[in-house]
file my_file-v1.tsv (TSV, C-alpha atoms and all ligand atoms)
chain	number	residue	atom	x	y	z
A	1	MET	CA	61.48	-14.34	-17.98
A	2	PHE	CA	61.34	-16.23	-14.70
A	3	GLN	CA	57.62	-15.61	-14.59
A	4	LYS	CA	57.23	-17.55	-17.85
A	5	ILE	CA	59.37	-20.40	-16.57
A	6	CYS	CA	57.44	-20.49	-13.32
A	7	LEU	CA	54.13	-20.62	-15.18
A	8	LEU	CA	55.41	-23.46	-17.31
A	9	LEU	CA	56.60	-25.40	-14.26
A	10	LEU	CA	53.39	-24.64	-12.39
A	11	ALA	CA	51.35	-26.02	-15.28
A	12	LEU	CA	53.37	-29.23	-15.17
A	13	VAL	CA	53.19	-29.44	-11.38
A	14	CYS	CA	49.45	-28.91	-11.14
A	15	VAL	CA	48.46	-31.78	-13.37
A	16	THR	CA	50.63	-34.19	-11.44
A	17	CYS	CA	50.07	-33.47	-7.75
A	18	THR	CA	49.45	-36.42	-5.44
A	19	THR	CA	49.98	-36.99	-1.73
A	20	SER	CA	52.30	-39.39	0.06
A	21	PRO	CA	50.93	-41.90	2.62
A	22	LEU	CA	51.73	-39.25	5.25
A	23	ASP	CA	49.68	-36.64	3.35
A	24	ARG	CA	52.64	-34.69	2.01
A	25	ARG	CA	52.05	-33.13	-1.40
A	26	GLN	CA	54.10	-34.78	-4.11
A	27	VAL	CA	54.86	-34.17	-7.76
A	28	VAL	CA	54.93	-37.43	-9.69
A	29	LEU	CA	55.13	-37.45	-13.47
A	30	TYR	CA	55.30	-41.18	-14.15
A	31	SER	CA	52.67	-43.89	-13.87
A	32	ASP	CA	53.02	-46.66	-11.30
A	33	GLN	CA	53.33	-49.12	-14.18
A	34	ASP	CA	56.23	-47.16	-15.69
A	35	MET	CA	58.02	-47.07	-12.36
A	36	ALA	CA	57.39	-50.78	-11.67
A	37	ARG	CA	58.76	-51.64	-15.10
A	38	GLN	CA	61.88	-49.54	-14.53
A	39	GLY	CA	62.34	-51.00	-11.04
A	40	GLU	CA	62.07	-54.53	-12.29
A	41	GLN	CA	64.51	-53.88	-15.13
A	42	ALA	CA	67.10	-52.39	-12.76
A	43	TYR	CA	66.59	-55.32	-10.38
A	44	ARG	CA	67.18	-57.94	-13.09
A	45	GLU	CA	70.33	-56.08	-14.13
A	46	MET	CA	71.61	-56.12	-10.55
A	47	GLN	CA	70.81	-59.82	-10.26
A	48	ALA	CA	72.80	-60.45	-13.43
A	49	GLN	CA	75.77	-58.31	-12.41
A	50	LEU	CA	76.19	-58.67	-8.64
A	51	PRO	CA	77.09	-61.98	-6.97
A	52	ILE	CA	74.05	-63.54	-5.26
A	53	SER	CA	74.38	-65.32	-1.91
A	54	SER	CA	74.18	-69.11	-2.00
A	55	ASN	CA	74.08	-69.38	1.81
A	56	GLN	CA	70.71	-71.06	2.52
A	57	ASN	CA	70.67	-69.82	6.15
A	58	GLU	CA	71.03	-66.23	4.99
A	59	ILE	CA	68.47	-66.64	2.24
A	60	SER	CA	65.77	-68.23	4.39
A	61	PHE	CA	66.32	-65.73	7.22
A	62	VAL	CA	66.01	-62.73	4.89
A	63	GLN	CA	63.03	-64.29	3.08
A	64	CYS	CA	61.30	-64.98	6.42
A	65	VAL	CA	61.67	-61.34	7.54
A	66	ALA	CA	60.56	-60.07	4.11
A	67	ASP	CA	57.47	-62.31	4.19
A	68	HIS	CA	56.42	-60.92	7.58
A	69	VAL	CA	57.00	-57.30	6.51
A	70	VAL	CA	55.04	-57.79	3.28
A	71	ALA	CA	52.26	-59.60	5.19
A	72	ALA	CA	51.74	-56.39	7.18
A	73	LEU	CA	50.89	-54.42	4.03
A	74	SER	CA	47.33	-53.75	3.00
A	75	GLU	CA	45.71	-56.21	0.61
A	76	GLN	CA	45.93	-53.61	-2.15
A	77	GLN	CA	49.63	-52.93	-1.53
A	78	ARG	CA	50.32	-56.65	-1.67
A	79	ALA	CA	48.23	-57.21	-4.78
A	80	ASN	CA	49.53	-54.22	-6.75
A	81	LEU	CA	53.20	-55.11	-6.46
A	82	ASN	CA	54.99	-58.36	-7.09
A	83	TRP	CA	57.17	-58.43	-3.95
A	84	GLU	CA	60.45	-60.25	-4.25
A	85	VAL	CA	63.67	-60.35	-2.20
A	86	THR	CA	67.27	-61.20	-3.21
A	87	VAL	CA	70.31	-61.58	-0.94
A	88	PHE	CA	73.41	-60.20	-2.66
A	89	ASP	CA	76.86	-61.40	-1.63
A	90	GLN	CA	78.27	-57.96	-0.79
A	91	ASP	CA	80.24	-56.75	2.24
A	92	GLN	CA	78.48	-53.40	2.70
A	93	ALA	CA	75.66	-52.95	5.22
A	94	ASN	CA	73.14	-52.00	2.58
A	95	ALA	CA	69.62	-52.72	1.40
A	96	PHE	CA	67.19	-51.24	-1.11
A	97	ALA	CA	63.68	-51.65	-2.45
A	98	LEU	CA	62.81	-50.66	-6.00
A	99	PRO	CA	59.44	-49.65	-7.44
A	100	GLY	CA	57.47	-52.74	-8.31
A	101	GLY	CA	58.33	-54.30	-4.92
A	102	LYS	CA	61.84	-55.54	-5.63
A	103	ILE	CA	63.87	-55.79	-2.41
A	104	GLY	CA	67.64	-56.31	-2.25
A	105	VAL	CA	69.65	-57.07	0.90
A	106	TYR	CA	73.45	-57.14	0.95
A	107	ASN	CA	74.61	-59.93	3.27
A	108	GLY	CA	77.05	-57.47	4.89
A	109	LEU	CA	73.96	-55.95	6.50
A	110	LEU	CA	73.51	-59.11	8.61
A	111	ASP	CA	76.61	-58.15	10.63
A	112	VAL	CA	74.95	-54.86	11.60
A	113	ALA	CA	71.26	-55.79	11.74
A	114	VAL	CA	71.92	-58.52	14.28
A	115	ASN	CA	68.41	-59.98	14.72
A	116	GLN	CA	65.09	-60.30	12.87
A	117	HIS	CA	63.73	-57.07	14.35
A	118	GLN	CA	66.69	-55.00	13.18
A	119	LEU	CA	66.60	-56.51	9.69
A	120	ALA	CA	62.85	-55.82	9.60
A	121	ALA	CA	63.58	-52.19	10.54
A	122	VAL	CA	65.85	-51.74	7.50
A	123	MET	CA	63.56	-53.62	5.16
A	124	ALA	CA	60.40	-51.80	6.27
A	125	HIS	CA	62.22	-48.48	5.82
A	126	GLU	CA	63.12	-49.46	2.24
A	127	VAL	CA	59.58	-50.69	1.54
A	128	GLY	CA	58.40	-47.34	2.95
A	129	HIS	CA	60.29	-45.56	0.14
A	130	VAL	CA	58.40	-47.71	-2.40
A	131	LEU	CA	54.96	-47.17	-0.84
A	132	ALA	CA	55.56	-43.41	-0.73
A	133	ASN	CA	56.54	-43.30	-4.42
A	134	HIS	CA	59.91	-41.73	-3.61
A	135	SER	CA	61.67	-42.96	-6.77
A	136	ASN	CA	58.91	-41.49	-8.91
A	137	GLU	CA	59.24	-38.21	-7.04
A	138	ARG	CA	63.00	-38.14	-7.47
A	139	ALA	CA	62.82	-39.01	-11.16
A	140	SER	CA	60.12	-36.37	-11.62
A	141	GLN	CA	62.22	-33.74	-9.88
A	142	SER	CA	65.16	-34.36	-12.12
A	143	THR	CA	62.90	-34.24	-15.19
A	144	LEU	CA	61.33	-30.97	-14.01
A	145	ARG	CA	64.75	-29.57	-13.30
A	146	ASN	CA	65.91	-30.42	-16.82
A	147	VAL	CA	62.69	-29.07	-18.32
A	148	GLY	CA	63.11	-25.86	-16.29
A	149	ILE	CA	66.68	-25.37	-17.43
A	150	ALA	CA	65.82	-26.20	-21.04
A	151	ALA	CA	62.89	-23.77	-20.89
A	152	ALA	CA	65.14	-21.05	-19.48
A	153	ARG	CA	67.55	-21.58	-22.37
A	154	ILE	CA	64.77	-21.59	-24.96
A	155	LEU	CA	63.32	-18.41	-23.47
A	156	GLY	CA	66.75	-16.83	-23.80
A	157	ALA	CA	67.79	-16.51	-20.17
A	158	SER	CA	71.38	-15.48	-19.58
A	159	ASP	CA	73.88	-18.13	-18.52
A	160	THR	CA	73.90	-16.65	-15.03
A	161	ALA	CA	70.13	-16.97	-14.76
A	162	VAL	CA	70.32	-20.58	-15.87
A	163	GLU	CA	73.04	-21.19	-13.31
A	164	VAL	CA	70.92	-19.66	-10.55
A	165	LEU	CA	67.98	-21.82	-11.56
A	166	ASP	CA	70.25	-24.85	-11.64
A	167	GLN	CA	71.68	-24.15	-8.19
A	168	GLY	CA	68.28	-23.30	-6.79
A	169	THR	CA	66.76	-26.55	-7.86
A	170	GLN	CA	69.74	-28.47	-6.56
A	171	LEU	CA	69.90	-26.78	-3.17
A	172	GLY	CA	66.26	-25.88	-2.73
A	173	ILE	CA	64.58	-29.02	-3.96
A	174	PHE	CA	66.98	-31.92	-4.00
A	175	LEU	CA	68.74	-31.96	-0.65
A	176	PRO	CA	65.92	-31.05	1.74
A	177	PHE	CA	63.53	-33.19	-0.24
A	178	ASN	CA	65.66	-36.26	0.17
A	179	ARG	CA	65.87	-35.76	3.90
A	180	THR	CA	62.10	-35.41	3.96
A	181	GLN	CA	61.78	-38.65	2.05
A	182	GLU	CA	64.17	-40.37	4.46
A	183	SER	CA	62.27	-39.39	7.57
A	184	GLU	CA	59.01	-40.26	5.82
A	185	ALA	CA	60.40	-43.75	5.12
A	186	ASP	CA	61.46	-43.96	8.79
A	187	VAL	CA	57.95	-43.16	9.99
A	188	ILE	CA	56.27	-45.56	7.56
A	189	GLY	CA	58.93	-48.21	8.25
A	190	VAL	CA	58.75	-48.24	12.03
A	191	MET	CA	54.95	-48.43	11.97
A	192	MET	CA	55.09	-51.19	9.35
A	193	MET	CA	57.58	-53.32	11.30
A	194	ALA	CA	55.42	-52.94	14.41
A	195	GLU	CA	52.30	-53.93	12.48
A	196	ALA	CA	54.17	-57.05	11.38
A	197	GLY	CA	54.76	-57.88	15.06
A	198	PHE	CA	58.47	-56.96	15.16
A	199	ASP	CA	59.82	-54.98	18.13
A	200	PRO	CA	60.04	-51.31	17.05
A	201	GLU	CA	62.50	-50.47	19.88
A	202	GLN	CA	65.05	-52.51	17.94
A	203	SER	CA	65.03	-49.90	15.17
A	204	ILE	CA	66.84	-47.55	17.57
A	205	LEU	CA	69.46	-50.21	18.37
A	206	LEU	CA	69.88	-50.82	14.65
A	207	TRP	CA	70.75	-47.18	13.95
A	208	GLU	CA	73.13	-47.22	16.91
A	209	ASN	CA	74.84	-50.28	15.41
A	210	MET	CA	74.97	-48.57	12.03
A	211	ASN	CA	76.54	-45.55	13.67
A	212	GLU	CA	79.25	-47.67	15.33
A	213	VAL	CA	80.10	-49.48	12.12
A	214	GLY	CA	80.18	-46.13	10.36
A	215	GLY	CA	83.32	-44.76	11.98
A	216	ALA	CA	85.32	-42.48	9.73
A	217	ARG	CA	83.84	-43.92	6.56
A	218	PRO	CA	80.16	-44.70	6.96
A	219	PRO	CA	78.59	-47.61	5.10
A	220	GLU	CA	76.98	-46.66	1.82
A	221	PHE	CA	73.54	-47.00	3.35
A	222	LEU	CA	74.19	-44.16	5.79
A	223	SER	CA	75.72	-41.71	3.38
A	224	THR	CA	72.40	-40.55	1.95
A	225	HIS	CA	70.48	-40.74	5.20
A	226	PRO	CA	69.89	-38.23	8.04
A	227	SER	CA	72.32	-38.07	10.96
A	228	PRO	CA	71.89	-41.02	13.33
A	229	GLU	CA	71.17	-38.66	16.25
A	230	SER	CA	68.23	-36.92	14.60
A	231	ARG	CA	66.90	-40.18	13.24
A	232	ILE	CA	67.05	-41.84	16.68
A	233	ALA	CA	65.36	-38.85	18.35
A	234	GLU	CA	62.56	-39.01	15.80
A	235	LEU	CA	62.13	-42.77	16.29
A	236	GLN	CA	62.00	-42.31	20.05
A	237	ARG	CA	59.11	-39.89	19.62
A	238	MET	CA	57.22	-42.56	17.66
A	239	MET	CA	57.84	-45.40	20.12
A	240	PRO	CA	54.62	-45.13	22.18
A	241	SER	CA	52.37	-45.47	19.12
A	242	ALA	CA	54.68	-48.02	17.47
A	243	ASN	CA	54.64	-50.14	20.65
A	244	ASN	CA	50.83	-50.01	20.68
A	245	LEU	CA	50.77	-51.28	17.10
A	246	MET	CA	53.13	-54.13	17.99
A	247	GLN	CA	50.97	-55.16	20.99
A	248	ALA	CA	47.88	-55.17	18.76
A	249	ALA	CA	49.69	-57.23	16.10
A	250	ARG	CA	50.89	-59.77	18.65
A	251	ALA	CA	47.39	-60.01	20.15
A	252	GLN	CA	46.27	-61.03	16.66
A	253	GLY	CA	48.91	-63.73	16.50
A	254	ARG	CA	51.49	-61.86	14.40
A	255	ASN	CA	54.67	-62.86	16.22
A	256	PRO	CA	57.55	-63.43	13.76
A	257	ASP	CA	60.13	-66.07	14.57
A	258	CYS	CA	62.86	-65.74	11.94
A	259	VAL	CA	66.18	-67.17	13.07
A	260	PHE	CA	69.58	-66.68	11.47
A	261	THR	CA	72.02	-69.51	12.13
A	262	ARG	CA	75.56	-68.48	11.28
A	263	GLN	CA	77.67	-71.23	9.78
B	1	ZN	ZN	66.18	-44.47	3.05
call {"tool": "encode", "arguments": {"input": "my_file-v1.tsv", "output": "structure tokens"}}
result
Amino acid sequence: MFQKICLLLLALVCVTCTTSPLDRRQVVLYSDQDMARQGEQAYREMQAQLPISSNQNEISFVQCVADHVVAALSEQQRANLNWEVTVFDQDQANAFALPGGKIGVYNGLLDVAVNQHQLAAVMAHEVGHVLANHSNERASQSTLRNVGIAAARILGASDTAVEVLDQGTQLGIFLPFNRTQESEADVIGVMMMAEAGFDPEQSILLWENMNEVGGARPPEFLSTHPSPESRIAELQRMMPSANNLMQAARAQGRNPDCVFTRQ
């Protein structure tokens, strides 16, 4: 029984293997166009439903940082996606980037990401999720999981077997996979911010700030992310190469100067 299910899943998996920018094997079932369309649709819905900041200082600061982060992307990455940023008037320290290059920043984040470098660290992390196709991967996993469970039912597996399969996919694929995606976005993000000329050391201070704000009830942004300690340790390991990238970027005149004036 399980052999049949495995064969079915394997067949699906093998036609859809790709690799992430860090050379990790990925299963993606949807086309980039599909994902971009879905991302854009979700973004327009958020813009229609959530209050949008009207504070010009906030907007131009966030736009300035976004422009520098996007400028550090390859020509192809810039051309393929229609990058856009919106500042939402929301208290939480949160940000996201959707497939298709749609970035959202909650203005509550500006109390935690206290300078351009720290905001760039968050934004580059979110853009890292987009470049690494993480939404596609997540959507594909949940499709495969549903297909697997449906197949098990069709093939007449007992309820217990279906339950085991269900739990296995949840525990074995979902949780560790998300942590993998998070640290992948951290690696891509810190290199990207450095290539834009931002100071990568500030990414460590950012996560320390996030940690402090967290307290008993962490901000939404932290709830799905790795522990601050392991994330900071990993970032520290990347600092020598990230600093080299920043020096090279600055030598080429990439030296962002985005200022946030609080009213
Ligand atoms: Zn993340």
call {"tool": "closest_residue", "arguments": {"input": "my_file-v1.tsv", "among": "A:His129, A:Ser230, A:Val190, A:Gln247", "to": "ligand ZN 1 (chain B)", "atoms": "all atoms listed in the file"}}
result
A:His129
call {"tool": "residues_near_ligand", "arguments": {"input": "my_file-v1.tsv", "ligand": "ligand ZN 1 (chain B)", "cutoff": "7 Å", "atoms": "only C-alpha atoms and all ligand atoms", "output": "PyMOL selection string"}}
result
chain A and resi 125-126+129+182+185+225
call {"tool": "residues_around", "arguments": {"input": "my_file-v1.tsv", "residues": "A:Ala120", "least_positions_apart": "4", "cutoff": "7 Å", "atoms": "only C-alpha atoms", "output": "JSON, numbers by chain"}}
result
{"A": [65, 69, 116, 124, 193]}
call {"tool": "atom_distance", "arguments": {"input": "my_file-v1.tsv", "atom1": "atom CA of A:Glu229", "atom2": "atom CA of A:His134"}}
result
23.0 Å
call {"tool": "closest_residue", "arguments": {"input": "my_file-v1.tsv", "among": "A:Phe96, A:Tyr30, A:Trp83, A:Phe260", "to": "A:His117", "atoms": "all atoms listed in the file"}}
result
A:Phe260
call {"tool": "atom_distance", "arguments": {"input": "my_file-v1.tsv", "atom1": "atom CA of A:Gln141", "atom2": "atom CA of A:Gly39"}}
result
17.3 Å
call {"tool": "atom_distance", "arguments": {"input": "my_file-v1.tsv", "atom1": "atom CA of A:Asp111", "atom2": "atom CA of A:Ala93"}}
result
7.6 Å
call {"tool": "closest_residue", "arguments": {"input": "my_file-v1.tsv", "among": "A:Val28, A:Val127, A:Ile188, A:Val85", "to": "A:Tyr43", "atoms": "all atoms listed in the file"}}
result
A:Val85
call {"tool": "closest_residue", "arguments": {"input": "my_file-v1.tsv", "among": "A:Asn211, A:Gln202, A:Asn133, A:Asn115", "to": "A:Phe61", "atoms": "only C-alpha atoms"}}
result
A:Asn115
call {"tool": "closest_residue", "arguments": {"input": "my_file-v1.tsv", "among": "A:Ala132, A:Met238, A:Ala71, A:Leu98", "to": "A:Gln26", "atoms": "all atoms listed in the file"}}
result
A:Ala132
call {"tool": "closest_residue", "arguments": {"input": "my_file-v1.tsv", "among": "A:Gly100, A:Gly189, A:Pro51, A:Pro256", "to": "A:Gly128", "atoms": "only C-alpha atoms"}}
result
A:Gly189
call {"tool": "residues_around", "arguments": {"input": "my_file-v1.tsv", "residues": "A:Glu208", "least_positions_apart": "6", "cutoff": "12 Å", "atoms": "all atoms listed in the file", "output": "number ranges by chain"}}
result
A: 112-114, 118, 201-202, 214-215, 222, 227-233, 235
